[in-house]
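First the structure, in the form of structure tokens, and then the observations on it.
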Amino acid sequence: MKVVILCGGKGTRLREETEYRPKPMVPIGNRPILWHIMKTYAHHGHREFILCLGYKGDMIKDYFRNYLWHTCDTTLMLGRKPEVKFHNNHDEEDWSVTLADTGENSMTAYRIRLIQKHLGDDDTFLLTYGDGVADIDIPASIAHHRRAGKICTLSAMHPPGRFGELGLDGNDAVCGFNEKPQAEGGFINGGYMICSRRLFDYLPDDPAMMLEQAPMKKLTTDRQLSAYKHNGFWQPMDTFQEFSLLNKLWDSGSAPWKVW
């Protein structure tokens, strides 16, 4: 399946880093968090990516356009016949990356709407945010989606209290969607979604529309939103404290999301 990753937000809560680069390019170790997310999907066999670009999207384009320069030792032959030699291979040589400009100020629903043309005839696609890592079992989440038979399956994570809360019934169908409640507890939408292309019927032609607002609530009302419960590791990078935490985990050699 193709993997759609939302990479266009401004990341204002992580202004220490995102003033200079888009949040998906904020590093964990020596690679952007976006790379870590893509490595998780690639590990499970999903290597066709569609990146929804917006704020400072040219930096993401540059990273992938010059991927060999960023990842390999290089020898430059200077002179009248210049040559470049890249010394090492990398595990990403079979990746396909579509860089789609979805507008600097577009909200999430509109960004997804704009990449429909890049899905070809695919009936189902994977969807996530470009700022959170997890050790989620992607094949198990896809199997859950197929069993549920809904338009969209999202991963239900236990929250650090400031996120929107999901109400789940006994069959793991979503029966309530409350964006950013005051109370802690329950489950939240951690991204890592599986979507039927019928999702596009719920996405209005409105650049100001967020997926997490009217579309998700309408899917909930129509009983077309399912949840795959993930009880393992998940951590977004929304604040400098979370940036520091993820880098400490990576530097320690025990990053829970490193499944590759």
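Letters A, B, ... go to the chains of the structure tokens in the order shown; residues in each chain start at 1; ligands are counted from 1 in the same order.
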
DSSP helix (DSSP H, G or I) residues within range 8-232 of chain A, as a PyMOL selection string: chain A and resi 12-18+23-25+33-43+57-65+67-71+108-114+116-119+138-148+197-202+214-221

Non-local contacts of range 150-160 of chain A (10 Å; only C-alpha atoms; under 4 positions in same chain excluded) as a PyMOL selection string: chain A and resi 124-128+134+136+138+141-142+144-146+164-168+172-174+184-200+216+219-220+222-236

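Compared by their closest atoms to Pro22 in chain A, and using only C-alpha atoms, the residues A:Tyr55, A:Phe86, A:Tyr67, A:Trp95 rank with A:Tyr55 nearest.
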
Among listed residues A:Val26, A:Leu76, A:Cys52, A:Leu68, nearest Asp238 in chain A (using only C-alpha atoms):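 Closest residue, counting only C-alpha atoms: A:Val26.
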